[in-house]
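Report on the following structure.
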Amino acid sequence: MSGEETTSVSTHILDTSTGSPVGSVAVELSARGTGDHYRVVGHSKTDTDGRCKDLPALPEGTTHARLTFSVEPYLAHSQAAGAAFFPEVTVAFAVTPGEHYHLPLLLNPFGYSVYRGS
C-alpha cells in the first residue's frame with residue numbers, strides 16, 4: 001500500500017417482523033474504482049447475532065463498494081408460503097478512503113431498508 005488509509009466495511013441484518021438478528025446469510029463484498037467494473041473482494045456469512053465482522057478491507061483506489069445479501073434461504077424458511085419475494089438485496093455505496101462503513105440491513109418478508117450506521 002502507498003500510505004492510503006484502510007477502508008473497512010461491516011454489516012448486520014435484523015428481521016424487523018420478529019425483532020431478531022438474522023444469522024447464516026451469505027454476504028458478498030464487491031468494489032470498483034473510477035471507470036471500473038465491480039470485482040468481488042470477499043465473502044462472509046452473518047453470525048448468530050446477525051453480524052458480519054470479517055469482511056476484508058477495500059482495495060486501494062476503491063470509489064464505490066457493493067454488498068449483496070443472499071436472503072432467499074432465510075426468507076423462504078421464515079415464511080409460511082415458503083417462497084421469498086426478495087432472493088437477494090444489493091446495496092451500492094460511495095467510498096472515501098480511510099472511512100469505516102457499517103451498513104445495517106433491516107429486513108422483512110416484503111420490504112427492506114438500509115442505512116449508514118456507526
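If you're wondering about the labels, chains in the C-alpha cells are A, B, ... by order shown, residues count from 1 in each chain, ligands from 1 in order shown.
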(message) Taking only chain A into account, list the residues labelled strand (DSSP E or B) by DSSP (computed from the backbone), as an MDAnalysis selection string.
(response) chainID A and resid 7:15 20:21 26:32 39:45 51:52 58 64:70 89:94 100:108 111:114 117
Test item: residues at most 12 Å from Asp36 in chain A, only C-alpha atoms, excluding those fewer than 2 positions along its chain, as a PDB file with N, CA, C and O atoms, in the first residue's frame:
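Produced file around14.pdb, reproduced below:
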ATOM      1  N   SER A  30     -18.139  -6.393  -2.987  1.00  0.00           N
ATOM      2  CA  SER A  30     -17.500  -6.072  -4.261  1.00  0.00           C
ATOM      3  C   SER A  30     -17.046  -4.622  -4.228  1.00  0.00           C
ATOM      4  O   SER A  30     -17.582  -3.807  -3.466  1.00  0.00           O
ATOM      5  N   ALA A  31     -16.063  -4.298  -5.070  1.00  0.00           N
ATOM      6  CA  ALA A  31     -15.528  -2.937  -5.111  1.00  0.00           C
ATOM      7  C   ALA A  31     -15.205  -2.558  -6.547  1.00  0.00           C
ATOM      8  O   ALA A  31     -14.967  -3.415  -7.394  1.00  0.00           O
ATOM      9  N   ARG A  32     -15.187  -1.249  -6.788  1.00  0.00           N
ATOM     10  CA  ARG A  32     -14.740  -0.741  -8.086  1.00  0.00           C
ATOM     11  C   ARG A  32     -14.075   0.607  -7.884  1.00  0.00           C
ATOM     12  O   ARG A  32     -14.364   1.337  -6.933  1.00  0.00           O
ATOM     13  N   GLY A  33     -13.198   0.936  -8.795  1.00  0.00           N
ATOM     14  CA  GLY A  33     -12.577   2.247  -8.833  1.00  0.00           C
ATOM     15  C   GLY A  33     -13.244   3.072  -9.924  1.00  0.00           C
ATOM     16  O   GLY A  33     -14.192   2.622 -10.571  1.00  0.00           O
ATOM     17  N   THR A  34     -12.751   4.251 -10.157  1.00  0.00           N
ATOM     18  CA  THR A  34     -13.312   5.123 -11.178  1.00  0.00           C
ATOM     19  C   THR A  34     -13.251   4.436 -12.539  1.00  0.00           C
ATOM     20  O   THR A  34     -12.190   4.013 -12.982  1.00  0.00           O
ATOM     21  N   TYR A  38     -17.392  -3.689 -11.078  1.00  0.00           N
ATOM     22  CA  TYR A  38     -17.287  -4.265  -9.742  1.00  0.00           C
ATOM     23  C   TYR A  38     -16.533  -5.585  -9.790  1.00  0.00           C
ATOM     24  O   TYR A  38     -16.723  -6.389 -10.703  1.00  0.00           O
ATOM     25  N   ARG A  39     -15.678  -5.787  -8.787  1.00  0.00           N
ATOM     26  CA  ARG A  39     -14.944  -7.044  -8.609  1.00  0.00           C
ATOM     27  C   ARG A  39     -15.204  -7.541  -7.192  1.00  0.00           C
ATOM     28  O   ARG A  39     -15.150  -6.761  -6.236  1.00  0.00           O
ATOM     29  N   GLY A  61      -7.815   2.610  -3.957  1.00  0.00           N
ATOM     30  CA  GLY A  61      -8.409   3.141  -5.187  1.00  0.00           C
ATOM     31  C   GLY A  61      -9.893   2.871  -5.333  1.00  0.00           C
ATOM     32  O   GLY A  61     -10.501   3.267  -6.328  1.00  0.00           O
ATOM     33  N   THR A  62     -10.514   2.212  -4.348  1.00  0.00           N
ATOM     34  CA  THR A  62     -11.953   1.937  -4.410  1.00  0.00           C
ATOM     35  C   THR A  62     -12.728   3.246  -4.292  1.00  0.00           C
ATOM     36  O   THR A  62     -12.470   4.052  -3.400  1.00  0.00           O
ATOM     37  N   THR A  63     -13.672   3.449  -5.206  1.00  0.00           N
ATOM     38  CA  THR A  63     -14.549   4.625  -5.147  1.00  0.00           C
ATOM     39  C   THR A  63     -15.987   4.254  -4.807  1.00  0.00           C
ATOM     40  O   THR A  63     -16.742   5.084  -4.320  1.00  0.00           O
ATOM     41  N   HIS A  64     -16.343   3.007  -5.109  1.00  0.00           N
ATOM     42  CA  HIS A  64     -17.684   2.500  -4.814  1.00  0.00           C
ATOM     43  C   HIS A  64     -17.573   1.053  -4.344  1.00  0.00           C
ATOM     44  O   HIS A  64     -16.712   0.311  -4.823  1.00  0.00           O
ATOM     45  N   ALA A  65     -18.461   0.684  -3.435  1.00  0.00           N
ATOM     46  CA  ALA A  65     -18.498  -0.695  -2.954  1.00  0.00           C
ATOM     47  C   ALA A  65     -19.940  -1.177  -3.020  1.00  0.00           C
ATOM     48  O   ALA A  65     -20.882  -0.383  -3.138  1.00  0.00           O
TER      49      ALA A  65
END
(request) For CA of Arg51 in chain A and CA of Phe69 in chain A, determine how far apart the two atoms are, in Å to one decimal place. (result)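 Spanning CA of Arg51 in chain A to CA of Phe69 in chain A is a straight-line distance of 12.1 Å.
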(message) Calculated over only C-alpha atoms, which of the candidates A:Lys45, A:His77, A:His12, A:His37 has the smallest distance to His102 in chain A?
(response) A:His12
Would you kindly return, as a PDB file with all heavy atoms, in the first residue's frame, each protein, DNA or RNA residue with an atom no farther than 8 Å from any atom of range 13-19 of chain A, considering only C-alpha atoms and excluding same-chain residues fewer than 5 positions away?
ATOM      1  N   THR A  46     -23.340 -14.021   7.998  1.00  0.00           N
ATOM      2  CA  THR A  46     -23.728 -13.413   9.270  1.00  0.00           C
ATOM      3  C   THR A  46     -23.678 -14.451  10.384  1.00  0.00           C
ATOM      4  O   THR A  46     -23.992 -15.620  10.184  1.00  0.00           O
ATOM      5  CB  THR A  46     -25.129 -12.783   9.197  1.00  0.00           C
ATOM      6  OG1 THR A  46     -26.074 -13.763   8.780  1.00  0.00           O
ATOM      7  CG2 THR A  46     -25.160 -11.593   8.249  1.00  0.00           C
ATOM      8  N   GLY A  50     -26.415 -11.879  13.821  1.00  0.00           N
ATOM      9  CA  GLY A  50     -26.748 -11.188  12.577  1.00  0.00           C
ATOM     10  C   GLY A  50     -25.629 -10.322  12.037  1.00  0.00           C
ATOM     11  O   GLY A  50     -25.824  -9.579  11.080  1.00  0.00           O
ATOM     12  N   ARG A  51     -24.449 -10.413  12.635  1.00  0.00           N
ATOM     13  CA  ARG A  51     -23.341  -9.529  12.261  1.00  0.00           C
ATOM     14  C   ARG A  51     -22.340 -10.211  11.339  1.00  0.00           C
ATOM     15  O   ARG A  51     -22.106 -11.401  11.414  1.00  0.00           O
ATOM     16  CB  ARG A  51     -22.629  -9.028  13.506  1.00  0.00           C
ATOM     17  CG  ARG A  51     -23.557  -8.201  14.378  1.00  0.00           C
ATOM     18  CD  ARG A  51     -22.856  -7.509  15.526  1.00  0.00           C
ATOM     19  NE  ARG A  51     -23.812  -6.705  16.247  1.00  0.00           N
ATOM     20  CZ  ARG A  51     -24.181  -5.471  15.917  1.00  0.00           C
ATOM     21  NH1 ARG A  51     -23.649  -4.889  14.868  1.00  0.00           N
ATOM     22  NH2 ARG A  51     -25.065  -4.807  16.630  1.00  0.00           N
ATOM     23  N   PRO A 104     -26.236  -1.525   8.200  1.00  0.00           N
ATOM     24  CA  PRO A 104     -27.240  -2.460   8.700  1.00  0.00           C
ATOM     25  C   PRO A 104     -28.360  -2.646   7.675  1.00  0.00           C
ATOM     26  O   PRO A 104     -28.790  -1.693   7.017  1.00  0.00           O
ATOM     27  CB  PRO A 104     -27.788  -1.773   9.955  1.00  0.00           C
ATOM     28  CG  PRO A 104     -26.741  -0.767  10.320  1.00  0.00           C
ATOM     29  CD  PRO A 104     -26.161  -0.322   9.017  1.00  0.00           C
ATOM     30  N   LEU A 105     -28.825  -3.882   7.548  1.00  0.00           N
ATOM     31  CA  LEU A 105     -29.960  -4.214   6.686  1.00  0.00           C
ATOM     32  C   LEU A 105     -31.134  -4.571   7.584  1.00  0.00           C
ATOM     33  O   LEU A 105     -31.046  -5.489   8.400  1.00  0.00           O
ATOM     34  CB  LEU A 105     -29.610  -5.399   5.779  1.00  0.00           C
ATOM     35  CG  LEU A 105     -30.744  -5.947   4.903  1.00  0.00           C
ATOM     36  CD1 LEU A 105     -31.205  -4.910   3.882  1.00  0.00           C
ATOM     37  CD2 LEU A 105     -30.287  -7.224   4.207  1.00  0.00           C
ATOM     38  N   LEU A 106     -32.205  -3.817   7.478  1.00  0.00           N
ATOM     39  CA  LEU A 106     -33.450  -4.093   8.190  1.00  0.00           C
ATOM     40  C   LEU A 106     -34.361  -4.805   7.199  1.00  0.00           C
ATOM     41  O   LEU A 106     -34.714  -4.249   6.161  1.00  0.00           O
ATOM     42  CB  LEU A 106     -34.093  -2.800   8.691  1.00  0.00           C
ATOM     43  CG  LEU A 106     -33.193  -1.914   9.561  1.00  0.00           C
ATOM     44  CD1 LEU A 106     -33.913  -0.633   9.943  1.00  0.00           C
ATOM     45  CD2 LEU A 106     -32.702  -2.663  10.772  1.00  0.00           C
ATOM     46  N   LEU A 107     -34.702  -6.038   7.497  1.00  0.00           N
ATOM     47  CA  LEU A 107     -35.357  -6.923   6.541  1.00  0.00           C
ATOM     48  C   LEU A 107     -36.698  -7.410   7.056  1.00  0.00           C
ATOM     49  O   LEU A 107     -36.855  -7.670   8.248  1.00  0.00           O
ATOM     50  CB  LEU A 107     -34.425  -8.130   6.320  1.00  0.00           C
ATOM     51  CG  LEU A 107     -34.831  -9.205   5.343  1.00  0.00           C
ATOM     52  CD1 LEU A 107     -34.857  -8.663   3.915  1.00  0.00           C
ATOM     53  CD2 LEU A 107     -33.849 -10.378   5.442  1.00  0.00           C
ATOM     54  N   ASN A 108     -37.682  -7.513   6.158  1.00  0.00           N
ATOM     55  CA  ASN A 108     -38.927  -8.211   6.447  1.00  0.00           C
ATOM     56  C   ASN A 108     -39.357  -8.908   5.160  1.00  0.00           C
ATOM     57  O   ASN A 108     -38.751  -8.692   4.116  1.00  0.00           O
ATOM     58  CB  ASN A 108     -39.984  -7.269   7.049  1.00  0.00           C
ATOM     59  CG  ASN A 108     -40.494  -6.238   6.082  1.00  0.00           C
ATOM     60  OD1 ASN A 108     -41.087  -6.578   5.060  1.00  0.00           O
ATOM     61  ND2 ASN A 108     -40.277  -4.969   6.398  1.00  0.00           N
ATOM     62  N   PRO A 109     -40.359  -9.753   5.185  1.00  0.00           N
ATOM     63  CA  PRO A 109     -40.683 -10.553   4.003  1.00  0.00           C
ATOM     64  C   PRO A 109     -40.979  -9.759   2.731  1.00  0.00           C
ATOM     65  O   PRO A 109     -40.746 -10.249   1.635  1.00  0.00           O
ATOM     66  CB  PRO A 109     -41.902 -11.367   4.445  1.00  0.00           C
ATOM     67  CG  PRO A 109     -41.731 -11.502   5.924  1.00  0.00           C
ATOM     68  CD  PRO A 109     -41.136 -10.182   6.355  1.00  0.00           C
TER      69      PRO A 109
END
(request) Would you mind reading off the distance between CA of Pro56 in chain A and CA of Ser20 in chain A, one decimal, in Å? (result) 25.7 Å
(request) Determine the nearest neighbour of Leu55 in chain A from the options A:Ser24, A:Ser70, A:Ser8, A:Ser78, counting only C-alpha atoms. (result)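 Residue with the minimum atom-to-atom distance to Leu55 in chain A: A:Ser8.
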(request) Within 10 Å of Glu72 in chain A, counting only C-alpha atoms, which residues show up once you throw out same-chain ones fewer than 2 positions away? Write them as a list in words, please. (result) Val25, Phe69, Ser70, Tyr74, Leu75, Ala76, His77, Ser78, Gly82, Ala83, Ala84, Phe85, Phe86, Pro87, Glu88, Val89 and Pro109 of chain A
(message) Give me the residues near Glu99 in chain A as a list in words, where near means some atom within 10 Å (using only C-alpha atoms) and where sequence neighbours in that chain fewer than 3 positions away do not count.
(response)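 What passes the distance filter is Glu5, Thr6, Thr7, Ser8, Val9, Val95, Thr96 and His102 of chain A.
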